[in-house]
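Asks: Next comes input27.csv, CSV, C-alpha atoms:
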chain,number,residue,atom,x,y,z
A,1,ALA,CA,16.6,1.2,-7.0
A,2,SER,CA,15.5,-0.2,-10.3
A,3,VAL,CA,14.5,1.4,-13.5
A,4,MET,CA,11.2,0.0,-14.9
A,5,ALA,CA,10.5,-0.3,-18.6
A,6,LEU,CA,7.6,1.5,-20.1
A,7,SER,CA,5.9,-1.7,-21.5
A,8,LEU,CA,2.1,-1.5,-20.9
A,9,ALA,CA,0.8,-4.2,-18.7
A,10,ALA,CA,-3.0,-4.8,-18.5
A,11,CYS,CA,-4.2,-3.0,-15.4
A,12,GLY,CA,-7.1,-3.3,-12.9
A,13,GLY,CA,-9.0,-1.9,-9.7
A,14,SER,CA,-11.8,0.3,-8.3
A,15,ALA,CA,-12.0,4.1,-7.8
A,16,SER,CA,-12.6,6.6,-5.0
A,17,SER,CA,-11.8,10.2,-4.1
A,18,ALA,CA,-9.0,12.6,-5.2
A,19,ALA,CA,-7.1,15.2,-3.3
A,20,SER,CA,-6.2,18.7,-4.5
A,21,GLY,CA,-2.9,20.5,-4.3
A,22,ALA,CA,-1.2,23.9,-4.7
A,23,ALA,CA,1.5,25.0,-7.2
A,24,ASP,CA,3.9,22.6,-9.0
A,25,THR,CA,7.0,21.6,-7.2
A,26,SER,CA,10.3,22.2,-8.8
A,27,SER,CA,10.7,18.5,-9.4
A,28,ALA,CA,7.4,18.4,-11.3
A,29,ALA,CA,8.2,21.5,-13.3
A,30,THR,CA,11.6,20.1,-14.3
A,31,ALA,CA,10.2,16.8,-15.3
A,32,GLU,CA,7.5,18.4,-17.4
A,33,ALA,CA,10.0,20.8,-19.1
A,34,THR,CA,13.0,18.5,-19.7
A,35,GLY,CA,11.4,15.1,-20.1
A,36,LYS,CA,13.4,13.8,-17.1
A,37,LYS,CA,12.2,10.5,-15.6
A,38,TRP,CA,9.6,10.9,-12.9
A,39,VAL,CA,10.6,9.2,-9.7
A,40,VAL,CA,8.1,6.8,-8.1
A,41,ALA,CA,8.9,5.5,-4.6
A,42,THR,CA,7.7,2.2,-3.3
A,43,ASP,CA,8.4,-0.6,-0.8
A,44,THR,CA,8.8,-4.0,-2.5
A,45,VAL,CA,7.9,-6.2,0.4
A,46,PHE,CA,4.1,-6.0,-0.1
A,47,LYS,CA,3.1,-9.0,-2.3
A,48,PRO,CA,1.1,-9.1,-4.5
A,49,PHE,CA,1.2,-5.2,-4.9
A,50,GLU,CA,4.9,-4.8,-5.1
A,51,TYR,CA,7.7,-7.3,-4.7
A,52,THR,CA,10.8,-8.6,-6.5
A,53,ASP,CA,10.9,-11.7,-8.6
A,54,ALA,CA,13.7,-14.3,-8.8
A,55,SER,CA,15.6,-12.0,-11.2
A,56,GLY,CA,15.3,-9.0,-8.9
A,57,ASN,CA,12.8,-7.2,-11.1
A,58,PHE,CA,9.9,-5.3,-9.6
A,59,VAL,CA,6.6,-7.0,-10.1
A,60,GLY,CA,3.0,-6.7,-8.8
A,61,ILE,CA,-0.3,-4.9,-9.1
A,62,ASP,CA,1.1,-1.5,-8.3
A,63,VAL,CA,4.1,-2.0,-10.6
A,64,ASP,CA,1.9,-2.8,-13.5
A,65,ILE,CA,-0.5,0.1,-12.7
A,66,VAL,CA,2.4,2.6,-12.7
A,67,ALA,CA,3.6,1.2,-16.1
A,68,ALA,CA,0.1,1.5,-17.5
A,69,ILE,CA,-0.3,5.1,-16.3
A,70,ALA,CA,3.1,6.0,-17.8
A,71,GLU,CA,2.1,4.4,-21.1
A,72,ASP,CA,-1.2,6.2,-21.1
A,73,GLN,CA,0.3,9.6,-20.3
A,74,GLY,CA,3.5,9.2,-22.3
A,75,PHE,CA,6.1,9.8,-19.6
A,76,GLU,CA,9.1,7.9,-18.5
A,77,TYR,CA,9.8,7.1,-14.8
A,78,GLU,CA,12.2,5.5,-12.4
A,79,MET,CA,10.7,3.3,-9.7
A,80,LYS,CA,12.7,3.1,-6.5
A,81,SER,CA,12.2,0.7,-3.6
A,82,LEU,CA,13.1,2.7,-0.5
A,83,GLY,CA,11.1,1.0,2.3
A,84,TRP,CA,7.8,2.3,3.7
A,85,ASP,CA,9.1,5.1,5.9
A,86,ALA,CA,11.8,6.3,3.4
A,87,ALA,CA,9.3,6.2,0.5
A,88,ILE,CA,6.9,8.4,2.5
A,89,ALA,CA,9.7,10.9,3.4
A,90,ALA,CA,10.9,11.0,-0.3
A,91,CYS,CA,7.4,11.8,-1.5
A,92,GLN,CA,6.6,14.4,1.1
A,93,SER,CA,10.0,16.1,0.6
A,94,GLY,CA,9.6,16.2,-3.2
A,95,GLN,CA,12.6,13.9,-3.8
A,96,ALA,CA,10.1,11.5,-5.3
A,97,ASP,CA,7.2,12.7,-7.5
A,98,ALA,CA,4.9,10.0,-6.3
A,99,MET,CA,4.6,6.9,-4.0
A,100,ILE,CA,2.7,3.7,-4.6
A,101,ALA,CA,2.9,1.1,-1.9
A,102,GLY,CA,-0.6,0.0,-1.0
A,103,ALA,CA,-1.1,3.4,0.6
A,104,SER,CA,-4.6,3.9,2.1
A,105,ILE,CA,-6.5,7.2,1.9
A,106,THR,CA,-7.3,8.6,5.3
A,107,ASP,CA,-8.4,12.0,6.6
A,108,GLU,CA,-5.5,12.1,9.0
A,109,ARG,CA,-3.0,11.6,6.2
A,110,LYS,CA,-4.7,14.3,4.1
A,111,ALA,CA,-4.6,16.7,7.1
A,112,SER,CA,-0.8,16.0,7.5
A,113,GLY,CA,-0.1,17.0,3.9
A,114,TRP,CA,-0.5,13.9,1.8
A,115,MET,CA,-1.9,14.4,-1.7
A,116,PHE,CA,-3.8,11.4,-3.0
A,117,SER,CA,-4.9,10.3,-6.4
A,118,ASP,CA,-8.3,8.7,-7.0
A,119,GLY,CA,-8.5,5.3,-5.4
A,120,TYR,CA,-7.8,2.2,-7.5
A,121,TYR,CA,-8.3,-0.7,-5.1
A,122,ASP,CA,-10.6,-1.5,-2.2
A,123,SER,CA,-8.8,-3.3,0.6
A,124,ASN,CA,-9.4,-4.3,4.2
A,125,GLN,CA,-7.2,-4.8,7.3
A,126,THR,CA,-7.4,-8.4,8.7
A,127,LEU,CA,-6.3,-10.3,11.8
A,128,THR,CA,-3.7,-13.0,11.4
A,129,VAL,CA,-3.3,-15.4,14.4
A,130,PRO,CA,-1.9,-18.9,15.1
A,131,GLU,CA,-4.4,-21.6,14.3
A,132,ASP,CA,-4.7,-22.6,18.0
A,133,SER,CA,-5.3,-19.0,19.1
A,134,ASP,CA,-8.2,-18.1,21.5
A,135,ILE,CA,-8.7,-14.9,19.4
A,136,ALA,CA,-11.9,-15.4,17.3
A,137,THR,CA,-12.9,-11.8,16.6
A,138,ALA,CA,-11.6,-8.2,17.0
A,139,ASP,CA,-13.5,-8.1,20.3
A,140,ASP,CA,-11.0,-10.6,21.7
A,141,LEU,CA,-8.0,-8.3,21.2
A,142,SER,CA,-8.4,-6.4,24.4
A,143,GLY,CA,-5.2,-6.9,26.5
A,144,LYS,CA,-3.5,-8.8,23.7
A,145,ALA,CA,-0.1,-8.0,22.1
A,146,ILE,CA,-0.8,-6.8,18.6
A,147,GLY,CA,1.8,-6.7,15.9
A,148,THR,CA,1.7,-4.2,13.0
A,149,GLN,CA,3.9,-2.5,10.4
A,150,ARG,CA,5.2,0.9,11.6
A,151,GLY,CA,3.4,3.9,10.1
A,152,THR,CA,0.6,1.9,8.5
A,153,THR,CA,-3.1,2.3,9.0
A,154,GLY,CA,-3.1,-1.0,10.8
A,155,TYR,CA,-0.9,0.6,13.4
A,156,ILE,CA,-3.0,3.7,13.5
A,157,TYR,CA,-6.3,1.9,14.1
A,158,ALA,CA,-4.9,-0.7,16.6
A,159,SER,CA,-3.0,1.8,18.7
A,160,ASP,CA,-5.8,4.3,19.0
A,161,THR,CA,-7.6,4.6,22.3
A,162,PRO,CA,-10.4,2.1,23.3
A,163,GLU,CA,-12.8,5.1,23.1
A,164,ASN,CA,-12.0,5.4,19.4
A,165,GLY,CA,-12.1,1.7,18.7
A,166,GLY,CA,-8.5,0.9,19.2
A,167,TYR,CA,-6.6,-1.0,21.9
A,168,GLY,CA,-4.1,1.5,23.2
A,169,GLU,CA,-0.5,2.1,22.2
A,170,GLU,CA,0.8,0.0,25.0
A,171,HIS,CA,-0.7,-3.1,23.5
A,172,VAL,CA,0.7,-2.5,19.9
A,173,VAL,CA,4.2,-3.4,18.7
A,174,ALA,CA,5.3,-1.7,15.5
A,175,TYR,CA,7.7,-3.5,13.3
A,176,GLU,CA,9.8,-2.4,10.2
A,177,SER,CA,7.7,-4.5,7.9
A,178,GLY,CA,4.7,-6.9,7.7
A,179,ALA,CA,7.2,-9.8,7.3
A,180,VAL,CA,9.0,-8.9,10.6
A,181,ALA,CA,5.6,-8.7,12.3
A,182,ILE,CA,4.6,-12.1,11.1
A,183,GLN,CA,7.9,-13.5,12.3
A,184,ALA,CA,7.2,-12.0,15.7
A,185,LEU,CA,3.8,-13.8,15.7
A,186,LEU,CA,5.5,-17.1,14.8
A,187,ASN,CA,8.0,-16.6,17.6
A,188,GLY,CA,5.2,-15.9,20.1
A,189,GLN,CA,6.2,-12.3,20.7
A,190,VAL,CA,2.7,-11.0,19.7
A,191,ASP,CA,-0.7,-12.6,19.8
A,192,CYS,CA,-1.9,-11.4,16.4
A,193,VAL,CA,-0.9,-9.2,13.4
A,194,VAL,CA,-3.1,-6.5,11.8
A,195,ILE,CA,-2.2,-6.2,8.2
A,196,ASP,CA,-3.8,-5.7,4.8
A,197,ASP,CA,-5.7,-8.7,3.5
A,198,GLN,CA,-3.8,-9.7,0.4
A,199,PRO,CA,-0.3,-9.6,1.9
A,200,ALA,CA,-1.7,-11.5,4.9
A,201,GLN,CA,-2.8,-14.2,2.6
A,202,GLU,CA,0.7,-14.5,1.1
A,203,TYR,CA,2.2,-14.7,4.6
A,204,VAL,CA,-0.3,-17.4,5.7
A,205,LYS,CA,0.5,-19.5,2.5
A,206,ALA,CA,4.2,-19.3,3.3
A,207,ASN,CA,3.8,-20.1,7.0
A,208,PRO,CA,1.8,-23.2,8.0
A,209,GLY,CA,0.1,-22.8,11.4
A,210,LEU,CA,-1.2,-19.3,10.8
A,211,THR,CA,-4.8,-18.3,9.8
A,212,ILE,CA,-6.7,-15.2,8.9
A,213,LEU,CA,-9.8,-14.6,11.0
A,214,ASP,CA,-13.0,-14.3,9.0
A,215,THR,CA,-13.7,-10.8,10.0
A,216,GLU,CA,-12.9,-7.3,8.6
A,217,PHE,CA,-10.9,-5.0,10.9
A,218,ALA,CA,-11.1,-1.9,8.7
A,219,VAL,CA,-12.1,-1.3,5.0
A,220,GLU,CA,-9.8,1.1,3.1
A,221,ASP,CA,-9.1,2.5,-0.4
A,222,TYR,CA,-5.6,2.4,-1.9
A,223,ALA,CA,-4.4,5.4,-3.9
A,224,ILE,CA,-1.1,6.9,-5.2
A,225,ALA,CA,0.4,9.5,-3.0
A,226,VAL,CA,1.8,12.5,-4.9
A,227,ALA,CA,4.4,15.0,-3.7
A,228,LYS,CA,2.9,18.1,-2.1
A,229,GLY,CA,2.1,20.7,-4.7
A,230,ASN,CA,2.9,18.4,-7.7
A,231,THR,CA,-0.4,19.0,-9.4
A,232,VAL,CA,1.1,18.1,-12.8
A,233,MET,CA,1.8,14.6,-11.6
A,234,LEU,CA,-1.6,14.4,-9.8
A,235,GLU,CA,-3.5,15.4,-13.0
A,236,LYS,CA,-1.6,12.9,-15.1
A,237,VAL,CA,-2.2,10.0,-12.6
A,238,ASN,CA,-5.9,10.8,-12.2
A,239,GLN,CA,-6.6,11.2,-15.9
A,240,ALA,CA,-4.9,7.8,-16.6
A,241,LEU,CA,-6.6,6.1,-13.7
A,242,SER,CA,-10.0,7.3,-14.9
A,243,GLU,CA,-9.5,5.8,-18.4
A,244,LEU,CA,-7.8,2.6,-17.2
A,245,ILE,CA,-10.5,1.9,-14.6
A,246,ALA,CA,-13.3,2.7,-17.1
A,247,ASP,CA,-12.0,0.4,-19.8
A,248,GLY,CA,-11.4,-2.5,-17.3
A,249,SER,CA,-7.6,-2.4,-17.6
A,250,VAL,CA,-7.0,-1.9,-13.8
A,251,GLN,CA,-9.3,-4.8,-13.0
A,252,LYS,CA,-7.3,-7.0,-15.4
A,253,VAL,CA,-4.1,-6.3,-13.5
A,254,ILE,CA,-5.8,-7.1,-10.2
A,255,ASP,CA,-7.2,-10.4,-11.6
A,256,LYS,CA,-3.7,-11.2,-12.9
A,257,TYR,CA,-2.3,-11.3,-9.4
A,258,ILE,CA,-5.3,-12.1,-7.3
A,259,THR,CA,-7.2,-15.1,-8.4
A,260,ALA,CA,-10.8,-16.1,-7.4
A,261,ASP,CA,-9.3,-18.8,-5.2
Rewrite the coordinates I just gave you, this time as C-alpha cells.

Replies:
Amino acid sequence: ASVMALSLAACGGSASSAASGAADTSSAATAEATGKKWVVATDTVFKPFEYTDASGNFVGIDVDIVAAIAEDQGFEYEMKSLGWDAAIAACQSGQADAMIAGASITDERKASGWMFSDGYYDSNQTLTVPEDSDIATADDLSGKAIGTQRGTTGYIYASDTPENGGYGEEHVVAYESGAVAIQALLNGQVDCVVIDDQPAQEYVKANPGLTILDTEFAVEDYAIAVAKGNTVMLEKVNQALSELIADGSVQKVIDKYITAD
C-alpha cells in the first residue's frame, strides 16, 4: 500500500457512459462526514496505466488521473496496490471506495453489480505472438493455446463459446497477471496472449522476439469502478472527469505516458 500525494498532474482521455447506484455505503458516508481519506484500489503491474518507479512510487496514467480528480473535488485519498482480484473484491465489498486499474466497462460487469464512472480512455485488446508464429489474425486462434490475465475482459472474450466469438474455455489459460502470461508465451506454454494494447506494447519492448498482430481483438472503454451504492464517490468522480476531459487535462496525461511513436 502507498499513500499518494494530492499534487495535481495534468490529466488526459476520452469519455463514455456512466452507471447509476443506490444509497451511500457506510464507507462513503464516513469519508464525506469526517474527511477521512478515500481508498482507491489498484494493481500496479499494468504499465503505462499504473506501475511503480525505481523508488517504489505509484506512477502512470491512472495514478495521475486519480490525483487530478482528488484535486478537482478537494478530497484526500489513499491508493492501495492489491492485485487485480483483490482490488475487485475490495471495491465490491466496500473496503475500497473505488478501483482504477484499466477496468473496462461491460454489460456483464454492470449486471454483476459493478458501478462505473464515465469512461476516460478508449482501449483495445490485442494479440501478442512470437515473431515466427503461424498466427496472423484472430481467425487463426482456433485450437491454439491462448494466455490471458485471470478475470479480465481478454479472458472473458477468449474463453467464450465459438458461437459467441470466443474459442472455448478449454483453449484458454488464465494467469495471475499479464506479465506471467507473457512469460508463459516466451516459454512456449501458450501460442499467443490476449491483453490490452498499451501493456502489450510495454511487454514487447522488454522481450525481443515477440510482436503484436496488426488487428484489433476487441475495442473497450476504461472507467473507474466505484463501490456498490457509493453514489457520493461516483458523483465526485464523474463531475471531475467531465471537467478534466473537457479542458484537455485527461488527454495531457495520456500524452505524457503514451507518445505518438

Asks: Just checking: using all atoms listed in the file, which residue out of A:Asp139, A:Glu243, A:Asp191, A:Asp97 ends up closest to A:Gly165?

Replies: A:Asp139

Asks: Which residue, A:Thr148, A:Ser55, A:Thr44, A:Thr106, has the smallest gap to A:Ala200 when you use all atoms listed in the file?

Replies: A:Thr148

Asks: Between A:Ile182, A:Ala158, A:Val219, A:Ala227, which one has atoms that come closest to A:Gly94, using only C-alpha atoms?

Replies: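 Ranking A:Ile182, A:Ala158, A:Val219, A:Ala227 by distance to A:Gly94, first place goes to A:Ala227.
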
Asks: So the first atom is atom CA of A:Tyr120 and the second is atom CA of A:Thr42; what is the distance between them in Å, to one decimal place?

Replies: 16.1 Å

Asks: Do you have the atom CA of A:Ile105-atom CA of A:Val204 distance handy?

Replies: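 The value is 25.7 Å.
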
Asks: Tell me, as a list of chain:residue names, which residues lie within 8 Å of A:Ala240, counting only C-alpha atoms; anything in the same chain fewer than 6 positions away does not count.

Replies: A:Ile69, A:Asp72, A:Gln73

Asks: Atom CA of A:Lys236 to atom CA of A:Ser112: how many Å, to one decimal?

Replies: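 Separating atom CA of A:Lys236 from atom CA of A:Ser112 is a distance of 22.8 Å.
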
Asks: Which polymer residues have any atom within 8 Å of an atom of stretch 98-104 of chain A, counting all atoms listed in the file, with same-chain residues fewer than 3 positions away left out, as a PyMOL selection string?

Replies: chain A and resi 39-44+46+49-50+62+84+87-88+91+153+220-227+233

Asks: Which residue gives the smallest distance to A:Leu141 among A:Ala70, A:Val194, A:Val59, A:Val45, with all atoms listed in the file counted?

Replies: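 Answer, going by the shortest atom-to-atom distance: A:Val194.
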
Asks: Using only C-alpha atoms, find the one residue out of A:Glu108, A:Gly83, A:Glu78, A:Thr231 that sits nearest to A:Val66.

Replies: A:Glu78

Asks: Using only C-alpha atoms, determine which residues lie at most 6 Å from A:Ile146, disregarding the query and same-chain residues fewer than 2 positions distant; provide the list as a list in words.

Replies: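 My list of contacting residues is Val172, Val190, Asp191, Cys192 and Val193 of chain A.
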
Asks: Excluding A:Ala206 and any residue of its chain fewer than 6 positions from it, enumerate the residues within 12 Å of it, using all atoms listed in the file, and give them as an MDAnalysis selection string.

Replies: chainID A and resid 47 179 182:183 186 199:200

Asks: Between A:Val253, A:Gln239, A:Ser142, A:Glu176, which one has atoms that come closest to A:Ala86, using all atoms listed in the file?

Replies: A:Glu176

Asks: Near A:Gly178, counting all atoms listed in the file, which residues have an atom at most 6 Å away, once you skip same-chain residues fewer than 2 positions from it, shown as a list in words?

Replies: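 In the requested format, the answer is Gln149, Val180 and Ala181 of chain A.
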
Asks: Reconstruct stretch 52-73 of chain A at the level of N, CA, C and O atoms, and format the result as an mmCIF file, in the frame of the given file.

Replies:
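Now in selection_12.cif:
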data_model
loop_
_atom_site.group_PDB
_atom_site.id
_atom_site.type_symbol
_atom_site.label_atom_id
_atom_site.label_comp_id
_atom_site.auth_asym_id
_atom_site.auth_seq_id
_atom_site.Cartn_x
_atom_site.Cartn_y
_atom_site.Cartn_z
ATOM 1 N N THR A 52 9.754 -8.324 -5.503
ATOM 2 C CA THR A 52 10.800 -8.600 -6.500
ATOM 3 C C THR A 52 10.680 -10.090 -6.897
ATOM 4 O O THR A 52 10.416 -10.952 -6.057
ATOM 5 N N ASP A 53 10.911 -10.360 -8.185
ATOM 6 C CA ASP A 53 10.900 -11.700 -8.600
ATOM 7 C C ASP A 53 12.278 -12.357 -8.495
ATOM 8 O O ASP A 53 13.190 -11.733 -7.937
ATOM 9 N N ALA A 54 12.432 -13.584 -8.980
ATOM 10 C CA ALA A 54 13.700 -14.300 -8.800
ATOM 11 C C ALA A 54 14.874 -13.595 -9.473
ATOM 12 O O ALA A 54 16.025 -13.786 -9.082
ATOM 13 N N SER A 55 14.565 -12.775 -10.476
ATOM 14 C CA SER A 55 15.600 -12.000 -11.200
ATOM 15 C C SER A 55 15.878 -10.662 -10.593
ATOM 16 O O SER A 55 16.713 -9.909 -11.105
ATOM 17 N N GLY A 56 15.142 -10.323 -9.532
ATOM 18 C CA GLY A 56 15.300 -9.000 -8.900
ATOM 19 C C GLY A 56 14.512 -7.907 -9.536
ATOM 20 O O GLY A 56 14.689 -6.731 -9.190
ATOM 21 N N ASN A 57 13.607 -8.254 -10.459
ATOM 22 C CA ASN A 57 12.800 -7.200 -11.100
ATOM 23 C C ASN A 57 11.575 -6.904 -10.205
ATOM 24 O O ASN A 57 11.054 -7.751 -9.478
ATOM 25 N N PHE A 58 11.123 -5.657 -10.276
ATOM 26 C CA PHE A 58 9.900 -5.300 -9.600
ATOM 27 C C PHE A 58 8.701 -5.798 -10.283
ATOM 28 O O PHE A 58 8.565 -5.629 -11.500
ATOM 29 N N VAL A 59 7.811 -6.434 -9.553
ATOM 30 C CA VAL A 59 6.600 -7.000 -10.100
ATOM 31 C C VAL A 59 5.433 -6.724 -9.152
ATOM 32 O O VAL A 59 5.647 -6.392 -7.991
ATOM 33 N N GLY A 60 4.198 -6.877 -9.638
ATOM 34 C CA GLY A 60 3.000 -6.700 -8.800
ATOM 35 C C GLY A 60 1.992 -5.802 -9.333
ATOM 36 O O GLY A 60 2.192 -5.149 -10.368
ATOM 37 N N ILE A 61 0.869 -5.746 -8.656
ATOM 38 C CA ILE A 61 -0.300 -4.900 -9.100
ATOM 39 C C ILE A 61 0.156 -3.464 -9.257
ATOM 40 O O ILE A 61 -0.093 -2.837 -10.294
ATOM 41 N N ASP A 62 0.772 -2.894 -8.233
ATOM 42 C CA ASP A 62 1.100 -1.500 -8.300
ATOM 43 C C ASP A 62 2.176 -1.199 -9.373
ATOM 44 O O ASP A 62 2.147 -0.144 -10.020
ATOM 45 N N VAL A 63 3.098 -2.130 -9.557
ATOM 46 C CA VAL A 63 4.100 -2.000 -10.600
ATOM 47 C C VAL A 63 3.490 -1.907 -11.969
ATOM 48 O O VAL A 63 3.823 -1.041 -12.797
ATOM 49 N N ASP A 64 2.540 -2.802 -12.215
ATOM 50 C CA ASP A 64 1.900 -2.800 -13.500
ATOM 51 C C ASP A 64 0.987 -1.571 -13.705
ATOM 52 O O ASP A 64 0.862 -1.049 -14.815
ATOM 53 N N ILE A 65 0.365 -1.128 -12.626
ATOM 54 C CA ILE A 65 -0.500 0.100 -12.700
ATOM 55 C C ILE A 65 0.349 1.302 -13.053
ATOM 56 O O ILE A 65 -0.030 2.123 -13.891
ATOM 57 N N VAL A 66 1.511 1.444 -12.418
ATOM 58 C CA VAL A 66 2.400 2.600 -12.700
ATOM 59 C C VAL A 66 2.828 2.505 -14.197
ATOM 60 O O VAL A 66 2.856 3.524 -14.906
ATOM 61 N N ALA A 67 3.164 1.310 -14.684
ATOM 62 C CA ALA A 67 3.600 1.200 -16.100
ATOM 63 C C ALA A 67 2.450 1.564 -17.027
ATOM 64 O O ALA A 67 2.683 2.230 -18.040
ATOM 65 N N ALA A 68 1.212 1.190 -16.692
ATOM 66 C CA ALA A 68 0.100 1.500 -17.500
ATOM 67 C C ALA A 68 -0.217 3.024 -17.521
ATOM 68 O O ALA A 68 -0.550 3.618 -18.554
ATOM 69 N N ILE A 69 -0.078 3.654 -16.357
ATOM 70 C CA ILE A 69 -0.300 5.100 -16.300
ATOM 71 C C ILE A 69 0.754 5.837 -17.096
ATOM 72 O O ILE A 69 0.441 6.776 -17.840
ATOM 73 N N ALA A 70 2.011 5.408 -16.990
ATOM 74 C CA ALA A 70 3.100 6.000 -17.800
ATOM 75 C C ALA A 70 2.849 5.868 -19.260
ATOM 76 O O ALA A 70 3.066 6.800 -20.042
ATOM 77 N N GLU A 71 2.414 4.686 -19.668
ATOM 78 C CA GLU A 71 2.100 4.400 -21.100
ATOM 79 C C GLU A 71 0.977 5.330 -21.550
ATOM 80 O O GLU A 71 1.028 5.934 -22.624
ATOM 81 N N ASP A 72 -0.063 5.423 -20.738
ATOM 82 C CA ASP A 72 -1.200 6.200 -21.100
ATOM 83 C C ASP A 72 -0.896 7.701 -21.225
ATOM 84 O O ASP A 72 -1.392 8.385 -22.124
ATOM 85 N N GLN A 73 -0.035 8.202 -20.338
ATOM 86 C CA GLN A 73 0.300 9.600 -20.300
ATOM 87 C C GLN A 73 1.558 9.985 -21.044
ATOM 88 O O GLN A 73 1.894 11.157 -21.175
#
